[in-house]
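Chemist: Sharing a structure here in structure tokens format.
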Amino acid sequence: MFQSIEETKTVGGIRFGILSPDLIRALSVTQIVIPETYDEEGIPIRGGPMDRRLGTVEPGVRCETCGNFVTLCPGHFGHVELARPVIHPLFSKNIYTLLRATCRVCGRLLLSEDDIENARRRAKNLEKRWPLLKYKYGEAVAKKAVKNTTCPHCQAQQYKVRFEKPYTFYEERDSGSVQLRPTEIRDRLERIPNHDLEALGLDPESARPEWMVLTVLPVPPISVRPTITLETGMRSEDDVTHKLVDLLRVNQRLKESVEEGAPQLVVDDLWSLLQYHVATMFDNELPGIPPARHRSGRPLRTIAQRLKGKEGRFRGSLAGKRVDFSARTVVSPDPKLSINEVGVPIEVARVLVVPEKVTVWNIEEMRELVRRGPSEYPGANYIVRPDGGRIDLRFVKDRNAVAEALKPGYIIERHLRDGDIVLFNRQPSLHRMSIMAHRVKVLPYKTFRLNLLVCTPYNADFDGDEMNLHVPQSEEARAEARTLMLVQEQILSPRYGAPIIGGLHDYVTGAYLLTRKDTLLDKKRASLLLFEAEYEGSLPQPAILKPGPYWTGKQLVSTVLNGDFNYEGKASICRKCEACLKELCPYDAYVVVRDGSLLVGALDKNSIASQVPRTLLHEYLRRYGVEKGAKFLDGLFKTFIVYLDIYGFTMGLDSLEVPTTALQEIEKLTNKAEDEVEQLVERAKKGGLEPLPGRTLEDTLEQRILEVLSRTRDRAGELASRFAGMGREAVIMARTGARANMLNITQMVAVLGQQSLRGERIKRGFAGRVLPHFKWGDIGPRARGFVYSCFKRGLRPTEFFFHAMAGREGLVDTAVRTAQSGYMYRRLANALQDFFVAYDGSVRTSEGFLVQFRYGEDGVDPAKSDHGEPVNVEKIIREVMAEKGG
Amino acid sequence: MVESERVTEDVVRALIEPYIHVLPKRLVEEIVKRVSSYGLTIEVARKVVDRIVGEYLNSLVEPGEAVGMIASQSIGEPSTQMTLRTFHFAGVRELNVTLGLPRLLEIVDARKTVATPIMEVYLSGEYAHNRELALEVARELELTTIENVSRAITVDYIEYSIIVELDPDILENRGISPKDIIKALNRIKGKKGSIIVDNLTIIFKTGLEDAIKLKRIHDRVRSLRVKGIKGIRRAVVRYDEKINEYKIITEGSNLVAALSIEGVDHRRTITNNIYEIAEVLGIEAARAAIIREMRNVLEEQGLDVDIRHIILVADAMTLNGRIRQVGRHGVAGEKPSVLARAAFEVTVKHLVDSAVRGEVDELRGVVENVMVGSRVVPLGTGIVKLLMLYPALQSMDSVDEELSSS
């Protein structure tokens, strides 16, 4: 493994520049002249664009330059001697500034000797510290030079140079406009001294300006533009190859014409055609010229197009890479797994492999794996010999023999098995908790299984979500994954300093039901629940002895909690009384844990949920660390849902039953609202309504109507909730914060309320009315999208339509928003990705720029903070005082 | 000192003294205040301080942490949950404010013009407690044009004059006298023009002889500023219960002009246009403004994001003394690495430019290293620069051999 160290070389840097004609020739293995690819027998033509010396892409054929097969041949450049020079289209802007900034006769920069000297010095000074400023400065110098109409060095008169995109230049002489040919341009650029170029912030060493006019064209190796062979045996060439063929054809004709002494007109025509082909070979989306097309009419994808954009070489192939050792399938829940585990189907485990080195200690085990082979589950797929040779166990006839031949130093690529570390991911990967490390648990069936508690960080549900799994292949990668990326290490979110993994939905309901005052459990159930909590020990003293031993839910929770744990806080079911009685709360909504026993208070969202700071769970994690925290989540939380099972929690229509008297009252309310709105409208018509400052009368009326209607819905909600006590499942879920809120219940049992588009009542549709079911000019609640019905009784057709309108707006909104915020995130990430905390606690960029003297002004890691605060002073004081007292 | 004596602030301060350069100032002050308020004995207080220092040191970031990436994730991830179109009311129901994702984009884009510019003008001294005085300041702020205070402005094509009929109610409401209007008209009347006043009707004889020019002058008269500040469409006086003061909220923003008005507290008055703040109050103020604005947006949406992430973004945007947008024309576009820039946006342009300039990419950043396929990026665990002695490895190999042969 280490033997390769000596040969390892790292790339120190990459210099960018322009290839000089000499260099192009030097890099070339052959000149390309013939505009044809293959002969009749399908053999590449020597001297054509598919010349075998340029490398090989056909399997089994050796490269004529390096003698390697496809896998090892890097490809070799060729070159084309252009019959006439042409402008490199991507540099035409630079050529334009240079032509204007330098003298057409002597080639000097159009500035006085002193100015040039000054500019050079400043450019030099800027170079080290602010390279980007140097280039900006160079541009400013060029701008200044352009203004000079006579050369300060040779006094020659300068003409205006006109640039026609993408690559034509004219000089507006006194006698009229004259086109500058590439030859003329090249001559001028050649005359510019290196000295003057430095003043413009350019680097003549790596980019002489005359190199921007091509006289020799490099021909990219074949591996860059491979031939594709279809199943039918048809061969299809790459776009760049097509382009090269066209280019060579024109080049040849141009050469012949020049040699034959053809009329200037003919030569010029061919010349500009050559220019076109060269230009489109580099970039086929140049403004002002038609893109070169394939026979089918599809525009060719030439060099610039390959680099550009999301799927281009940079973003698609270099910054983002495809990987091996990965799997993807549907996910489904499994509450019995640990949060650190992931269930992996056997089928997947049989394909994904982990390389394991054979040592004296494991050789027998490895032999057994080899004997079992690739198809029997805990087996192995490959053997790598110390010399690098691979043995594919699928094709080994006598695996026993191979197994016997194993020696320390061999590497076995064995099947994935329980306990292996893998990375698990759900897209979109918006934060680091979207990729976490899990321990493998190989399971039957075909889905990945995960604990429900990790749904929050992945933002996963089970309506068909798929997730990806990656197997790290090196020991370093596994070590980092285990210590940094394991789920338990990610429980505390760096976004807000609170657990992102914690109770949700049924966990919250279960916790509430288990810990509320009236929950009593007999021995059988208490034992079962403690078993699920992975508690080992004896049952505590029962809270009730007659008529038999019974335990409270709070007792069970206390049994699992550590003896020195203390916590105090309000529950989500808190009624927000004016004077809080704290531990004497009649609703059991004040949670107190003292010395590890849950004395009062039912657990709910404010005690155990994820994404809520300063909960019991959060305190537990801060106090005992994530290792114990993970056990807490694996154990106690499991009892919550198991209890929910025992309890038989379910929500049905009966949960939404409301007495008729209440319905009547709601109807009264809505009638009153209708009247009120009518009165408002009347008043507005008569001019009795005072417009709000800066608003029109219509706006004011709308606003007042909206106020009336929203008040009505709130009242209806209050009415409904008066009849909906904690006996209702729906209410339990809403009040404990498990799912939904009281507004949703209102919408189910009382009134749905106002449907809105763009924050206003619905007003567009037919002339003078939204739907043909209403009178013209009716601006009453019903005609503008107020839904009187509730979900339980059902909506009227018009109401349903309004509801659908508002619903559709929501969908469109989400679609637009994801695109916008996705782009914002990409920009933020690109801007800040190189920032890190240095050893001195400052924040720096990878280039060494100082961003902050101390991270976040106090050097505190938000993930380790108490919801942003480095230390909870109050809590520590109380703790210390308590210790003293005790 | 007697052991059982209750600690005073000074004593607590003395206890913290050794850690004064370690703990952040804010924390020191909090400890002093809280610990002394409990009336602890020195023994207990010492224990408390020790534990606080310990916990603080435990909560520090680890070297190498990729705080930039964490910050962008912490802001980018919740932004998916933000509402798109929220025009809310900032305590003042008649004023619109852009919030939510559009506003966040405005901030990170560092737009020169914001969709809904707003100023919060705080008042100084007596002005802050007297509604009448506050209203007076508001009138000074709000832009009043001739059109605002007149019933009609007509053109007399025969006399080549413009007739302005003033509205007495509005004049009084806005605290403007006809004299102010004449003063304003004098500014544009030129040599030939003259002004005749007839009670509330003002006739402005232009002295022109060209109907087209007359029309143009007519437009100018209409939008002629009589009072107030350019750009401020409306100023509303509000009573802020939190600070028990009157303050003025304006639609439209012009910080320089507003600060020079009497009664305006130049220390507290702010605008939501970050560029304006940078120009008037400097880059540090702009940084603070970015932090405040981003925080407000996220808070209003009920999104919990640690302030350190926001601070980092603000610092990145302002670190070289100018405001730079987060994107192509700013922070991301000014990176020294060619490859990093090419991988972000406008790939070809960056490659071509770098060729002409002969730039060298030193491969110091994250993407560059991903691109060339080196196995470490210079962040996180990759920050460690450690070389291993090759002989040591060889001796390890020999141990291996020994083991395998035995």
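Simple scheme: letters A, B, ... for chains in structure tokens order, numbers from 1 for residues in each chain, numbers from 1 for ligands in the order shown.
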As a PyMOL selection string, please: the residues near range 44-49 of chain B (cut-off 7 Å, only C-alpha atoms, same-chain neighbours under 6 positions excluded).
Modeler: (chain A and resi 876-877+880) or (chain B and resi 15-16+35)
Chemist: As number ranges by chain, list the residues of range 61-244 of chain B assigned to strand (DSSP E) by DSSP on the backbone atoms of this structure.
Modeler: B: 86-88, 97-99, 118-122, 144-145, 150-156, 161-166, 194-198, 201-205, 225-227, 234-240
Chemist: Could those selected residues go to a file with N, CA and C atoms, as a short mmCIF file (atom, residue, chain, number, x, y, z; two decimals), in the first residue's frame?
Modeler:
data_model
loop_
_atom_site.label_atom_id
_atom_site.label_comp_id
_atom_site.auth_asym_id
_atom_site.auth_seq_id
_atom_site.Cartn_x
_atom_site.Cartn_y
_atom_site.Cartn_z
N THR B 86 -44.27 38.13 0.12
CA THR B 86 -44.84 38.70 1.34
C THR B 86 -44.65 40.18 1.33
N PHE B 87 -45.72 40.87 1.24
CA PHE B 87 -45.67 42.30 1.47
C PHE B 87 -46.34 42.51 2.79
N HIS B 88 -45.53 42.67 3.80
CA HIS B 88 -46.08 42.78 5.13
C HIS B 88 -46.08 44.23 5.59
N VAL B 97 -43.57 46.59 2.94
CA VAL B 97 -42.15 46.25 3.02
C VAL B 97 -41.94 44.91 2.34
N THR B 98 -40.90 44.81 1.53
CA THR B 98 -40.57 43.53 0.93
C THR B 98 -39.93 42.66 1.99
N LEU B 99 -40.43 41.45 2.10
CA LEU B 99 -39.85 40.52 3.07
C LEU B 99 -39.69 39.17 2.41
N ILE B 118 -37.23 52.12 2.87
CA ILE B 118 -37.89 52.58 4.09
C ILE B 118 -36.85 53.18 5.01
N MET B 119 -37.19 54.28 5.65
CA MET B 119 -36.30 54.82 6.68
C MET B 119 -37.03 54.78 8.00
N GLU B 120 -36.26 54.53 9.05
CA GLU B 120 -36.81 54.68 10.39
C GLU B 120 -36.09 55.88 10.97
N VAL B 121 -36.81 56.98 11.10
CA VAL B 121 -36.19 58.20 11.57
C VAL B 121 -36.48 58.35 13.06
N TYR B 122 -35.44 58.31 13.84
CA TYR B 122 -35.60 58.55 15.28
C TYR B 122 -35.41 60.02 15.53
N THR B 144 -43.03 67.41 -0.83
CA THR B 144 -44.24 68.06 -1.27
C THR B 144 -43.95 68.78 -2.57
N THR B 145 -44.75 68.51 -3.59
CA THR B 145 -44.57 69.22 -4.86
C THR B 145 -45.75 70.16 -5.02
N SER B 150 -52.06 71.77 -4.82
CA SER B 150 -52.95 72.61 -5.61
C SER B 150 -54.18 71.84 -6.05
N ARG B 151 -55.24 72.60 -6.24
CA ARG B 151 -56.47 72.01 -6.74
C ARG B 151 -56.34 71.74 -8.23
N ALA B 152 -55.73 72.70 -8.90
CA ALA B 152 -55.57 72.54 -10.35
C ALA B 152 -54.36 73.32 -10.82
N ILE B 153 -53.73 72.82 -11.84
CA ILE B 153 -52.64 73.55 -12.49
C ILE B 153 -52.99 73.59 -13.97
N THR B 154 -53.26 74.76 -14.46
CA THR B 154 -53.69 74.84 -15.86
C THR B 154 -52.70 75.66 -16.67
N VAL B 155 -52.78 75.47 -17.96
CA VAL B 155 -51.87 76.19 -18.86
C VAL B 155 -52.69 77.19 -19.68
N ASP B 156 -52.21 78.39 -19.69
CA ASP B 156 -52.86 79.41 -20.51
C ASP B 156 -52.00 79.62 -21.74
N SER B 161 -48.76 81.34 -19.87
CA SER B 161 -48.54 81.31 -18.43
C SER B 161 -49.16 80.05 -17.84
N ILE B 162 -48.76 79.78 -16.63
CA ILE B 162 -49.28 78.60 -15.92
C ILE B 162 -50.00 79.08 -14.68
N ILE B 163 -51.24 78.57 -14.53
CA ILE B 163 -52.04 79.06 -13.40
C ILE B 163 -52.15 77.94 -12.36
N VAL B 164 -51.70 78.27 -11.17
CA VAL B 164 -51.74 77.29 -10.08
C VAL B 164 -52.79 77.73 -9.08
N GLU B 165 -53.77 76.84 -8.86
CA GLU B 165 -54.78 77.15 -7.84
C GLU B 165 -54.48 76.31 -6.62
N LEU B 166 -54.19 76.97 -5.52
CA LEU B 166 -53.78 76.26 -4.32
C LEU B 166 -54.98 75.80 -3.50
N SER B 194 -42.27 85.97 -14.80
CA SER B 194 -42.72 86.77 -13.67
C SER B 194 -43.86 86.05 -12.98
N ILE B 195 -44.10 86.43 -11.74
CA ILE B 195 -45.12 85.72 -10.97
C ILE B 195 -46.13 86.73 -10.42
N ILE B 196 -47.39 86.43 -10.63
CA ILE B 196 -48.44 87.29 -10.09
C ILE B 196 -49.23 86.48 -9.08
N VAL B 197 -49.42 87.05 -7.91
CA VAL B 197 -50.16 86.33 -6.88
C VAL B 197 -51.51 86.99 -6.67
N ASP B 198 -52.55 86.15 -6.72
CA ASP B 198 -53.88 86.67 -6.47
C ASP B 198 -54.52 85.74 -5.45
N THR B 201 -54.49 81.99 -5.92
CA THR B 201 -54.16 81.65 -7.30
C THR B 201 -52.83 82.31 -7.65
N ILE B 202 -51.97 81.50 -8.19
CA ILE B 202 -50.67 82.04 -8.57
C ILE B 202 -50.54 81.92 -10.08
N ILE B 203 -50.27 83.03 -10.70
CA ILE B 203 -50.09 82.99 -12.16
C ILE B 203 -48.61 83.16 -12.45
N PHE B 204 -48.12 82.18 -13.16
CA PHE B 204 -46.69 82.18 -13.49
C PHE B 204 -46.55 82.48 -14.97
N LYS B 205 -46.14 83.73 -15.24
CA LYS B 205 -45.95 84.11 -16.65
C LYS B 205 -44.56 83.68 -17.05
N ARG B 225 -40.40 70.79 -6.31
CA ARG B 225 -40.34 70.54 -4.88
C ARG B 225 -40.58 71.83 -4.11
N VAL B 226 -41.51 71.79 -3.18
CA VAL B 226 -41.77 72.95 -2.35
C VAL B 226 -41.12 72.75 -1.00
N LYS B 227 -41.22 71.55 -0.53
CA LYS B 227 -40.76 71.24 0.81
C LYS B 227 -40.41 69.76 0.85
N ARG B 234 -43.57 59.43 1.53
CA ARG B 234 -44.48 59.63 2.64
C ARG B 234 -43.73 59.47 3.95
N ALA B 235 -44.17 60.22 4.93
CA ALA B 235 -43.58 60.09 6.26
C ALA B 235 -44.70 59.96 7.27
N VAL B 236 -44.62 58.93 8.08
CA VAL B 236 -45.69 58.66 9.04
C VAL B 236 -45.11 58.68 10.45
N VAL B 237 -45.79 59.39 11.33
CA VAL B 237 -45.32 59.45 12.71
C VAL B 237 -45.94 58.29 13.49
N ARG B 238 -45.10 57.59 14.22
CA ARG B 238 -45.57 56.45 15.03
C ARG B 238 -45.09 56.61 16.44
N TYR B 239 -45.87 56.10 17.37
CA TYR B 239 -45.40 56.07 18.74
C TYR B 239 -44.83 54.70 19.02
N ASP B 240 -43.55 54.68 19.34
CA ASP B 240 -42.91 53.39 19.59
C ASP B 240 -42.99 53.09 21.09
#
Chemist: Just asking: which residues within range 515-600 of chain A are helix (DSSP H, G or I) according to DSSP, as a compact mmCIF listing (two decimals) with N, CA and C atoms, in the first residue's frame?
Modeler:
# COMPACT_ATOMS: atom_id res chain seq x y z
N THR A 515 -46.94 9.98 29.51
CA THR A 515 -46.55 10.71 30.73
C THR A 515 -47.68 11.54 31.32
N LYS A 523 -48.04 -4.51 35.51
CA LYS A 523 -46.67 -5.01 35.50
C LYS A 523 -46.23 -5.45 34.10
N LYS A 524 -47.17 -6.11 33.40
CA LYS A 524 -46.84 -6.64 32.09
C LYS A 524 -46.45 -5.51 31.14
N ARG A 525 -47.29 -4.48 31.17
CA ARG A 525 -47.02 -3.37 30.25
C ARG A 525 -45.79 -2.57 30.65
N ALA A 526 -45.68 -2.33 31.94
CA ALA A 526 -44.51 -1.59 32.41
C ALA A 526 -43.23 -2.32 32.02
N SER A 527 -43.24 -3.62 32.18
CA SER A 527 -42.05 -4.39 31.83
C SER A 527 -41.77 -4.30 30.34
N LEU A 528 -42.85 -4.44 29.57
CA LEU A 528 -42.68 -4.38 28.11
C LEU A 528 -42.07 -3.05 27.69
N LEU A 529 -42.61 -1.98 28.25
CA LEU A 529 -42.12 -0.66 27.86
C LEU A 529 -40.68 -0.46 28.27
N LEU A 530 -40.34 -0.91 29.47
CA LEU A 530 -38.94 -0.75 29.90
C LEU A 530 -38.01 -1.61 29.07
N PHE A 531 -38.53 -2.74 28.63
CA PHE A 531 -37.73 -3.59 27.74
C PHE A 531 -37.44 -2.86 26.44
N GLU A 532 -38.48 -2.22 25.92
CA GLU A 532 -38.29 -1.47 24.67
C GLU A 532 -37.30 -0.33 24.87
N GLY A 553 -46.71 6.42 33.92
CA GLY A 553 -45.81 6.63 32.77
C GLY A 553 -44.61 7.46 33.17
N LYS A 554 -44.85 8.44 34.02
CA LYS A 554 -43.74 9.29 34.47
C LYS A 554 -42.68 8.46 35.18
N GLN A 555 -43.13 7.49 35.92
CA GLN A 555 -42.18 6.62 36.63
C GLN A 555 -41.26 5.92 35.65
N LEU A 556 -41.86 5.43 34.56
CA LEU A 556 -41.05 4.71 33.58
C LEU A 556 -39.99 5.62 32.98
N VAL A 557 -40.41 6.84 32.65
CA VAL A 557 -39.45 7.78 32.09
C VAL A 557 -38.34 8.03 33.10
N SER A 558 -38.72 8.21 34.36
CA SER A 558 -37.72 8.47 35.41
C SER A 558 -36.74 7.32 35.51
N THR A 559 -37.23 6.11 35.35
CA THR A 559 -36.37 4.94 35.45
C THR A 559 -35.23 5.01 34.44
N VAL A 560 -35.57 5.54 33.28
CA VAL A 560 -34.56 5.57 32.21
C VAL A 560 -33.62 6.76 32.38
N LYS A 582 -46.35 27.26 37.86
CA LYS A 582 -45.17 26.39 37.73
C LYS A 582 -45.49 24.94 38.08
N GLU A 583 -44.76 24.36 39.03
CA GLU A 583 -44.95 22.93 39.28
C GLU A 583 -46.33 22.58 39.81
N LEU A 584 -47.11 23.60 40.17
CA LEU A 584 -48.46 23.31 40.66
C LEU A 584 -49.49 23.41 39.54
Chemist: For range 360-363 of chain B, find every residue with an atom within 7 Å (counting only C-alpha atoms), except residues of its own chain fewer than 6 positions away, and show them as a list of chain:residue names.
Modeler: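 What passes the distance filter is A:Gly12, A:Gly13, A:Ile14, A:Arg15, A:Phe16, B:Ser337, B:Val338, B:Asn369.
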Chemist: For range 476-483 of chain A, work out the shell of residues within 12 Å, counting only C-alpha atoms and skipping chain neighbours fewer than 4 positions away, then give it as a list of chain:residue names.
Modeler: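 That gives A:Asn340, A:Glu341, A:Val354, A:Pro355, A:Gly419, A:Asp420, A:Ile421, A:Val422, A:Leu423, A:Phe424, A:Ile435, A:Met436, A:Ala437, A:His438, A:Arg439, A:His470, A:Val471, A:Pro472, A:Val487, A:Gln488, A:Glu489, A:Gln490, A:Val626, A:Glu627, B:Arg375, B:Val376, B:Gly380, B:Thr381, B:Gly382.
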Chemist: Which residue is closest to Tyr590 in chain A? Choose from A:Phe565, A:His618, A:Thr746, A:Arg516 and count only C-alpha atoms.
Modeler: A:Arg516
